[in-house]
Amino acid sequence: MRDPAFGLIIACLAAGPVTAEESAAEVIQSFGLVGTWSVDCKRDPNQACTSNGCGARMTYIVPPSGSPTIRNVIGTFSPGQVRTFISTIYAATRIAADKIKFVSVQDPPASVAAVWWRQPGEPWEVVLLKVGDKYRTFSAHREDKKKFDVEEGFYVRPPPPPPPAKTYDELPTKWDRTQQQAPLFEKCSD
């Protein structure tokens with residue numbers, strides 16, 4: 001009499017090898033994100049911002065152990081003073097040859113006080129689109145889809161608050177897709 005487990009073993013072997021799911025670190029590495037990226041690598045975040053904008057860098061870090069992180073450094077109007085924000089990537093998956101999706105949470109402190117902007121502790125889902133040797137944000141929203149930054153490659157913003165308010169005290173319920181496309185990021189030499 002043949003053992004019933006024998007049939008299960010044969011069925012599993014016939015199904016083919018089981019492949020392990022890539023870790024967030026492996027996805028970030030295989031997509032080529034490890035390193036420092038910027039919209040303009042020539043613009044130094046340590047230099048004072050001008051009317052044309054500020055220098056900024058986004059560095060994807062994959063440590064030997066632990067979760068990958070994103071370090072954002074953005075210039076200010078005071079030379080040598082920068083704002084730095086760290087986010088931890090908790091999950092990442094490749095969704096196409098040219099797209100990855102990851103979920104990250106920004107560590108304190110808050111980057112912008114506006115209620116509709118990303119805040120520490122909020123899980124955000126981001127999809128990056130590879131364009132040649134560059135990438136752009138294809139979508140970015142809070143995991144519950146109540147806050148948005150980018151949709152289908154274009155920035156999304158709340159409409160102006162109703163008068164007499166000058167800012168939103170509560171989270172807006174309506175969002176408008178702008179005509180401004182999310183910029184391409186280039187890899188900076190480290």
# chains A, B, ... in the order shown; residues from 1 in each chain; ligands from 1
call {"tool": "residues_around", "arguments": {"residues": "stretch 179-182 of chain A", "least_positions_apart": "3", "cutoff": "12 Å", "atoms": "only C-alpha atoms", "output": "MDAnalysis selection string"}}
result
chainID A and resid 39 127:129 135:140 149:157 176 185
call {"tool": "residues_around", "arguments": {"residues": "stretch 45-52 of chain A", "least_positions_apart": "4", "cutoff": "8 Å", "atoms": "only C-alpha atoms", "output": "list in words"}}
result
Ala56, Arg57, Val73, Ile74, Gly75, Thr76, Phe77, Ser78, Pro79, Gly80, Gln81 and Val82 of chain A
call {"tool": "residues_around", "arguments": {"residues": "A:Gln119", "least_positions_apart": "3", "cutoff": "12 Å", "atoms": "only C-alpha atoms", "output": "list in words"}}
result
Phe85, Ile86, Ser87, Ser104, Val105, Gln106, Asp107, Pro108, Pro109, Ala110, Ser111, Val112, Ala113, Ala114, Val115, Trp116, Glu122, Pro123, Trp124, His141, Arg142 and Lys147 of chain A
call {"tool": "residues_around", "arguments": {"residues": "A:Gly66", "least_positions_apart": "6", "cutoff": "10 Å", "atoms": "only C-alpha atoms", "output": "CSV table (one decimal) with N, CA and C atoms, in the first residue's frame"}}
result
chain,number,residue,atom,x,y,z
A,25,ALA,N,14.2,45.0,0.2
A,25,ALA,CA,15.5,45.3,-0.1
A,25,ALA,C,15.9,44.8,-1.5
A,88,THR,N,10.9,54.9,6.1
A,88,THR,CA,11.2,53.5,6.1
A,88,THR,C,10.3,52.8,5.2
A,89,ILE,N,10.9,52.0,4.3
A,89,ILE,CA,10.2,51.2,3.3
A,89,ILE,C,9.8,49.8,4.0
A,90,TYR,N,8.6,49.5,4.1
A,90,TYR,CA,8.1,48.3,4.8
A,90,TYR,C,7.8,47.2,3.8
call {"tool": "select_by_dssp", "arguments": {"residues": "chain A", "states": "strand (DSSP E)", "output": "PyMOL selection string"}}
result
chain A and resi 35-38+56-61+69-75+82-96+99-106+123-131+134-142+148-151+154-157+176-181+186-187
call {"tool": "residues_around", "arguments": {"residues": "stretch 167-171 of chain A", "least_positions_apart": "2", "cutoff": "12 Å", "atoms": "only C-alpha atoms", "output": "number ranges by chain"}}
result
A: 113-118, 145-148, 157-165, 173-175
call {"tool": "select_by_dssp", "arguments": {"residues": "stretch 1-151 of chain A", "states": "helix (DSSP H, G or I)", "output": "MDAnalysis selection string"}}
result
chainID A and resid 4:15 24:30
call {"tool": "atom_distance", "arguments": {"atom1": "atom CA of A:Asp144", "atom2": "atom CA of A:Thr59"}}
result
25.8 Å
call {"tool": "decode", "arguments": {"residues": "stretch 16-154 of chain A", "atoms": "C-alpha atoms", "output": "compact mmCIF listing (two decimals), in the first residue's frame"}}
result
# COMPACT_ATOMS: atom_id res chain seq x y z
CA GLY A 16 7.54 23.06 -10.44
CA PRO A 17 9.93 24.86 -8.13
CA VAL A 18 8.59 27.27 -5.55
CA THR A 19 10.18 30.68 -5.83
CA ALA A 20 10.62 32.91 -2.82
CA GLU A 21 9.10 36.34 -2.93
CA GLU A 22 11.68 39.14 -3.16
CA SER A 23 12.23 41.16 -0.01
CA ALA A 24 11.74 44.94 -0.08
CA ALA A 25 15.53 45.34 -0.10
CA GLU A 26 15.91 42.98 -3.08
CA VAL A 27 13.20 44.82 -5.03
CA ILE A 28 14.84 48.21 -4.37
CA GLN A 29 18.23 46.82 -5.39
CA SER A 30 17.06 44.99 -8.51
CA PHE A 31 15.18 48.10 -9.71
CA GLY A 32 18.47 50.02 -9.45
CA LEU A 33 17.32 52.56 -6.86
CA VAL A 34 20.12 52.23 -4.33
CA GLY A 35 22.00 55.52 -4.29
CA THR A 36 21.26 59.23 -4.55
CA TRP A 37 18.78 60.75 -7.00
CA SER A 38 17.69 64.28 -7.84
CA VAL A 39 15.65 66.25 -10.32
CA ASP A 40 18.84 68.31 -10.84
CA CYS A 41 22.08 66.84 -9.47
CA LYS A 42 23.93 70.11 -10.19
CA ARG A 43 21.77 72.01 -7.67
CA ASP A 44 23.32 71.54 -4.20
CA PRO A 45 20.83 71.38 -1.28
CA ASN A 46 23.44 73.13 0.91
CA GLN A 47 23.21 76.25 -1.26
CA ALA A 48 20.43 78.71 -0.47
CA CYS A 49 17.20 78.28 -2.40
CA THR A 50 16.50 80.78 -5.15
CA SER A 51 13.32 81.94 -6.87
CA ASN A 52 13.91 78.96 -9.22
CA GLY A 53 13.69 76.45 -6.38
CA CYS A 54 15.85 74.49 -3.97
CA GLY A 55 18.37 71.73 -4.36
CA ALA A 56 17.20 68.33 -3.17
CA ARG A 57 18.47 64.77 -2.95
CA MET A 58 16.64 61.49 -2.38
CA THR A 59 18.86 58.63 -1.25
CA TYR A 60 17.63 55.02 -1.21
CA ILE A 61 19.56 53.04 1.39
CA VAL A 62 19.56 49.25 1.78
CA PRO A 63 21.36 48.40 5.03
CA PRO A 64 22.94 44.96 5.65
CA SER A 65 20.03 44.22 8.01
CA GLY A 66 16.70 45.90 8.61
CA SER A 67 14.33 47.73 6.31
CA PRO A 68 15.39 49.96 3.41
CA THR A 69 15.07 53.71 3.98
CA ILE A 70 14.70 56.86 1.91
CA ARG A 71 16.62 59.95 3.04
CA ASN A 72 15.28 63.24 1.61
CA VAL A 73 17.48 66.31 1.92
CA ILE A 74 15.95 69.60 0.79
CA GLY A 75 17.60 73.02 0.73
CA THR A 76 16.28 76.09 2.53
CA PHE A 77 16.66 79.84 2.01
CA SER A 78 19.50 79.81 4.57
CA PRO A 79 22.80 78.56 3.08
CA GLY A 80 24.14 75.40 4.71
CA GLN A 81 20.84 74.62 6.41
CA VAL A 82 18.83 71.73 5.01
CA ARG A 83 15.66 69.88 5.97
CA THR A 84 16.12 66.12 6.24
CA PHE A 85 13.31 63.57 6.30
CA ILE A 86 13.69 59.81 6.64
CA SER A 87 11.09 57.24 5.54
CA THR A 88 11.21 53.51 6.14
CA ILE A 89 10.16 51.17 3.33
CA TYR A 90 8.13 48.30 4.80
CA ALA A 91 7.12 46.49 1.61
CA ALA A 92 8.12 46.60 -2.05
CA THR A 93 7.03 44.61 -5.10
CA ARG A 94 7.83 44.72 -8.79
CA ILE A 95 4.55 45.22 -10.66
CA ALA A 96 6.04 45.40 -14.19
CA ALA A 97 9.48 45.44 -15.76
CA ASP A 98 9.46 49.24 -15.51
CA LYS A 99 7.41 49.74 -12.30
CA ILE A 100 7.75 49.01 -8.62
CA LYS A 101 5.37 49.71 -5.76
CA PHE A 102 6.43 50.27 -2.19
CA VAL A 103 4.82 51.22 1.10
CA SER A 104 6.76 53.60 3.31
CA VAL A 105 6.21 55.54 6.51
CA GLN A 106 7.89 58.87 7.20
CA ASP A 107 9.63 59.19 10.55
CA PRO A 108 9.10 62.37 12.62
CA PRO A 109 9.41 65.34 12.29
CA ALA A 110 6.66 66.54 9.95
CA SER A 111 7.86 68.02 6.68
CA VAL A 112 4.93 70.37 6.05
CA ALA A 113 2.26 71.42 8.53
CA ALA A 114 -0.57 71.36 5.95
CA VAL A 115 -3.20 68.78 6.97
CA TRP A 116 -3.45 67.48 3.39
CA TRP A 117 0.30 66.81 3.10
CA ARG A 118 2.10 63.60 4.10
CA GLN A 119 2.66 63.36 7.86
CA PRO A 120 4.87 61.11 10.00
CA GLY A 121 3.39 57.71 10.78
CA GLU A 122 1.10 57.60 7.73
CA PRO A 123 1.66 54.62 5.42
CA TRP A 124 1.98 55.81 1.81
CA GLU A 125 1.91 53.66 -1.32
CA VAL A 126 4.21 54.85 -4.10
CA VAL A 127 4.63 53.51 -7.62
CA LEU A 128 7.79 54.45 -9.50
CA LEU A 129 8.06 54.29 -13.29
CA LYS A 130 11.47 53.70 -14.88
CA VAL A 131 12.11 55.87 -17.95
CA GLY A 132 15.44 54.85 -19.47
CA ASP A 133 18.05 55.38 -16.75
CA LYS A 134 15.76 57.77 -14.84
CA TYR A 135 12.52 57.35 -12.95
CA ARG A 136 9.45 59.37 -12.03
CA THR A 137 6.70 58.94 -9.49
CA PHE A 138 3.71 57.39 -11.26
CA SER A 139 1.43 57.42 -8.22
CA ALA A 140 1.68 58.37 -4.57
CA HIS A 141 -1.14 58.30 -2.06
CA ARG A 142 -1.84 57.50 1.53
CA GLU A 143 -2.65 53.82 1.83
CA ASP A 144 -6.32 54.57 2.64
CA LYS A 145 -6.52 56.83 -0.47
CA LYS A 146 -7.65 59.87 1.52
CA LYS A 147 -4.53 61.90 0.64
CA PHE A 148 -2.86 62.12 -2.77
CA ASP A 149 0.33 63.56 -4.22
CA VAL A 150 0.67 61.98 -7.70
CA GLU A 151 -1.80 60.14 -9.91
CA GLU A 152 -0.89 58.59 -13.31
CA GLY A 153 2.31 60.67 -13.37
CA PHE A 154 0.68 64.06 -12.59
